Structures are given as structure tokens and as C-alpha cells.
Amino acid sequence: PPGRYTLGVDAIDSTNASTSVLRTLIVASSPGLVHAPLFSLGTGGQLLAAEGDLVLYKADDQSVRLRNTVTATELSLQDTVLGNGNWWITAGRVVASGFGNDCSIGLGGTCIYEWNPDGTRRNLSVANPFAGTSTRQRPIVKDGFMVWCNCPNITSGGLGSYTVYNVGSRTFSQATPPASLGYQVADAPDFAVVGDVVHLVYAAASNVSTNVYLWRSDTTSSTPISSQGWAPQTDGVRVAWLDLAGTALNNFDLRPFYARSLAGGNTTVGSATANFVLRDGVLAWFDNSGLQVSTVTSTVTLSSASATAGLLGSDDGVVVYVDQGKVYSWNAATGRSTLRVDGLPGKPSGSPTPAFVTGNKLYFVVGDGQALYKLLLN
């Protein structure tokens with residue numbers, strides 16, 4: 001039957017020497033679900049990020065390479081040793097956070113880097129005019145911008161702020177909470193760019209509560225969204241957040257969950273796990289009923305609440321998810337789900353390997369050799 005399988009081959013020669021080989025196979029349920037890989041990352045490789053037709057990966061020799069999947073051309077990046085770094089591509093530019101040899105933020109801190117078109121590295125944390133005593137610099141990266149928290153360290157105090165970096169113009173600006181707030185900003189903001197205006201949502205914490213605020217680059221001011229909120233996300237139209245003041249609702253660690261228009265109005269109340277996604281008009285989250293997706297007009301259940309269900313990503317009105325060992329995509333424009341892969345992506349063992357949804361494309365790897373696939377989600 002269709003699905004993912006591991007094929008094992010054992011060979012013994014005339015001298016009794018033996019060799020064993022394992023391969024991961026996905027048996028497709030129809031010819032339209034047979035996909036050809038682009039290339040192999042190798043057993044020691046790693047898929048790091050994707051944007052449009054660009055993929056960023058770590059090769060077997062541990063070099064980090066930016067590859068155009070249409071032209072098959074590659075750029076090897078310089079100075080990529082960042083410890084346990086996190087990587088992104090935005091506006092065609094590679095950015096990362098990690099601890100490089102020029103990072104002097106301090107114990108437990110990280111620096112933020114970008115790579116020029118020639119592959120050379122630039123330390124944005126050094127160039128950031130608003131860094132102060134920040135140590136927890138974990139950026140949110142999308143739509144040609146980066147936002148990260150200039151969060152105060154334990155000993156320095158202060159409210160902190162956010163740096164907003166325009167990747168195209170290579171300019172910095174600062175989002176500062178009102179001095180009357182009296183709360184420290186948190187390092188889990190989110191933002192959306194509507195026109196040329198950055199809409200930044202963030203949580204600010206005191207000793208007794210956390211509140212959610214909206215900052216806009218055209219007004220450079222913050223307005224309150226909600227009290228008792230945490231980990232907000234926005235797509236520029238709606239805002240969603242969790243309430244950590246309550247207790248977990250069950251073993252799935254569901255929390256009170258809220259969503260509303262940025263312009264105001266009624267607030268939708270439900271429950272969700274922490275891995276919800278709000279992007280391009282679609283809100284996706286897990287609750288007791290399974291994977292839910294919501295537009296501004298309707299809500300649909302895509303999968304049951306089971307250990308095999310999972311959310312791979314969302315972009316441009318398309319949600320990609322796993323249910324019963326298969327990969328599906330749901331399109332907000334049509335309201336329909338489509339079977340994409342008859343088996344789970346990733347290695348047969350070891351740590352999970354990421355899949356990336358970017359525009360109308362899905363990138364994932366299969367097998368220990370990490371064959372890289374690119375699917376169009378039209």
C-alpha cells in the first residue's frame with residue numbers, strides 16, 4: 001500500500017564479509033504523486049532555510065551554501081561557524097543568529113549576521129545603534145525585514161526596545177515602548193509589512209502580568225491590544241496571542257487563545273497549542289478537535305487531534321500539514337485539501353528535519369542521504 005518504507009539489503013561475499021544498506025522509499029498512490037529529487041544534501045548535510053527558488057543548506061563538508069534551484073548555481077558563504085545558529089533567507093539575502101568569532105555580546109548571548117552577495121559576512125549586532133546591553137538577540141525574519149529584541153540583561157534593568165532592520169536599504173530603526181509602560185519587552189515579537197508600514201506586535205512583562213501591544217513604523221507609537229497576553233503573531237490584518245495566566249487545559253498543553261482584527265472589534269476565544277501560525281490571512285492552530293484553520297470569514301477542521309498530525313508551515317494562503325503519515329496542503333482560495341506526499345518527510349531516525357513552505361513551494365528531505373524535494377503547491 002502507499003506509504004513510507006525502509007528497504008534493507010544485506011550482502012555477503014565469498015569471504016563472508018557482509019555489507020548492509022538501508023534506503024527510505026515512499027510508495028505513491030498515483031503517478032501524479034511521484035516526485036523527483038533536486039539533489040542530495042548528503043548524510044552530514046542539513047536543510048537550513050528556503051525562500052522562493054533559493055535554498056540554504058549545510059553540505060557534507062559543513063560548508064554553508066546558497067543554491068538557486070532553477071539555475072543550479074551556488075554561492076558558498078564565508079565565516080559560517082556560529083555554534084547552534086538559526087538561519088533565514090529574506091529578500092534573497094542570507095541572515096543568521098549565533099555566536100561567531102566576532103561576537104562579544106556576553107555569556108549566553110548571540111549576534112545577528114547577514115551575508116553580502118559575494119558571500120562575505122557582516123555583524124549586524126555590532127552595527128546596531130540600539131543594542132545597549134542586549135544579549136538575547138533572536139530575530140524574526142520575513143518580507144525583507146528583520147526585527148529583534150534589545151532585551152535588557154538581568155543586571156542592567158530598563159525596558160528594552162526592538163531593532164527594525166530593512167534588509168534592502170540596510171537601515172536600522174528603533175521601536176520603543178512608552179516610558180509609562182513600566183514593563184520589560186519580551187524577545188518573542190512578530191510583525192507584518194503592509195505597504196511600507198511595519199506592524200509590530202509584542203508582549204511586555206511585569207512581575208504580575210504580560211500585555212500585548214501594537215507598534216507601527218508610520219506613527220512610531222504603541223497601542224495596547226490586550227492584557228494577559230504572550231507570543232503574539234500578526235499578518236497585518238489580524239493579531240493572535242496566547243494567555244499564559246491560565247493553566248494548561250490538558251496533556252496537549254493547550255492554553256487560552258485569542259484572535260481579533262488589528263483595527264479592533266470582537267475577540268475570538270478558544271484554546272491552542274503554542275505552535276500556532278498567523279500568515280497571509282490564514283490562522284492555523286491545534287486544539288482538542290485537531291488542526292484548525294481560520295480566515296476572516298470561516299473556520300475549518302483539517303485533521304483530527306492525534307499524535308500523527310502536525311503543522312509544517314503556512315504561506316500565501318496555503319497551509320501544509322501532516323495527517324496519518326501523509327502530507328497535505330489546504331488552499332484558502334479554494335477551501336480544499338490536496339494530498340501531496342504519501343509519506344512523511346525527513347530521516348528515518350534521529351532528530352527531525354525541517355520542511356519549509358515559501359510562497360507556493362514546499363521543500364523537504366527524505367532518507368539518510370537527504371534527497372531534497374521541491375513541490376509546487378498550485
# chains A, B, ... in the order shown; residues from 1 in each chain; ligands from 1
>>> residues_around(residues="Trp148 in chain A", least_positions_apart="3", cutoff="6 Å", atoms="only C-alpha atoms", output="PDB file with C-alpha atoms, in the first residue's frame")
ATOM      1  CA  GLN A 137      19.088  38.650  20.022  1.00  0.00           C
ATOM      2  CA  ARG A 138      16.819  36.189  18.193  1.00  0.00           C
ATOM      3  CA  PRO A 139      15.370  37.872  15.124  1.00  0.00           C
ATOM      4  CA  TYR A 162      13.255  46.437  19.312  1.00  0.00           C
ATOM      5  CA  THR A 163      15.506  46.988  16.330  1.00  0.00           C
TER       6      THR A 163
END
>>> select_by_dssp(residues="range 69-305 of chain A", states="strand (DSSP E)", output="MDAnalysis selection string")
chainID A and resid 74:76 86:90 93:98 111:115 121:123 140:142 145:150 161:166 171:175 184:185 190:194 197:205 210:216 221:227 230:234 238:242 255:261 264:272 277:279 282:287 290:294 299:303
>>> closest_residue(among="A:Trp215, A:Ala17, A:Val341, A:Gln228", to="Ser30 in chain A", atoms="only C-alpha atoms")
A:Val341
>>> residues_around(residues="Glu114 in chain A", least_positions_apart="2", cutoff="8 Å", atoms="only C-alpha atoms", output="list of chain:residue names")
A:Arg93, A:Val94, A:Val95, A:Ala96, A:Ile112, A:Asn116, A:Arg121, A:Arg122, A:Asn123, A:Leu124
>>> residues_around(residues="Thr334 in chain A", least_positions_apart="3", cutoff="12 Å", atoms="only C-alpha atoms", output="list in words")
Gly317, Val318, Ser329, Trp330, Asn331, Ser337, Thr338 and Asn378 of chain A
>>> residues_around(residues="Asp60 in chain A", least_positions_apart="4", cutoff="8 Å", atoms="only C-alpha atoms", output="PyMOL selection string")
chain A and resi 41-45
>>> select_by_dssp(residues="range 20-131 of chain A", states="alpha helix (DSSP H)", output="list in words")
Leu124, Ser125, Val126 and Ala127 of chain A
>>> write_last_selection(atoms="N, CA and C atoms", output="short mmCIF file (atom, residue, chain, number, x, y, z; two decimals), in the first residue's frame")
data_model
loop_
_atom_site.label_atom_id
_atom_site.label_comp_id
_atom_site.auth_asym_id
_atom_site.auth_seq_id
_atom_site.Cartn_x
_atom_site.Cartn_y
_atom_site.Cartn_z
N LEU A 124 25.57 42.40 12.23
CA LEU A 124 24.56 43.44 12.43
C LEU A 124 24.46 43.86 13.88
N SER A 125 24.83 43.00 14.80
CA SER A 125 24.78 43.37 16.21
C SER A 125 25.80 44.46 16.53
N VAL A 126 26.95 44.41 15.88
CA VAL A 126 27.95 45.46 16.05
C VAL A 126 27.47 46.75 15.41
N ALA A 127 26.83 46.64 14.24
CA ALA A 127 26.35 47.83 13.53
C ALA A 127 25.08 48.41 14.14
#
>>> residues_around(residues="Ser173 in chain A", least_positions_apart="2", cutoff="8 Å", atoms="only C-alpha atoms", output="ChimeraX atom specification")
/A:163-165,171,175
>>> atom_distance(atom1="CA of Leu339 in chain A", atom2="CA of Asn68 in chain A")
26.5 Å
>>> closest_residue(among="A:Gly168, A:Ser298, A:Arg336, A:Thr110", to="Gly92 in chain A", atoms="only C-alpha atoms")
A:Gly168
>>> atom_distance(atom1="CA of Asp342 in chain A", atom2="CA of Ala309 in chain A")
14.0 Å
>>> atom_distance(atom1="CA of Phe172 in chain A", atom2="CA of Tyr113 in chain A")
13.8 Å
>>> residues_around(residues="Thr301 in chain A", least_positions_apart="5", cutoff="9 Å", atoms="only C-alpha atoms", output="PyMOL selection string")
chain A and resi 289-294
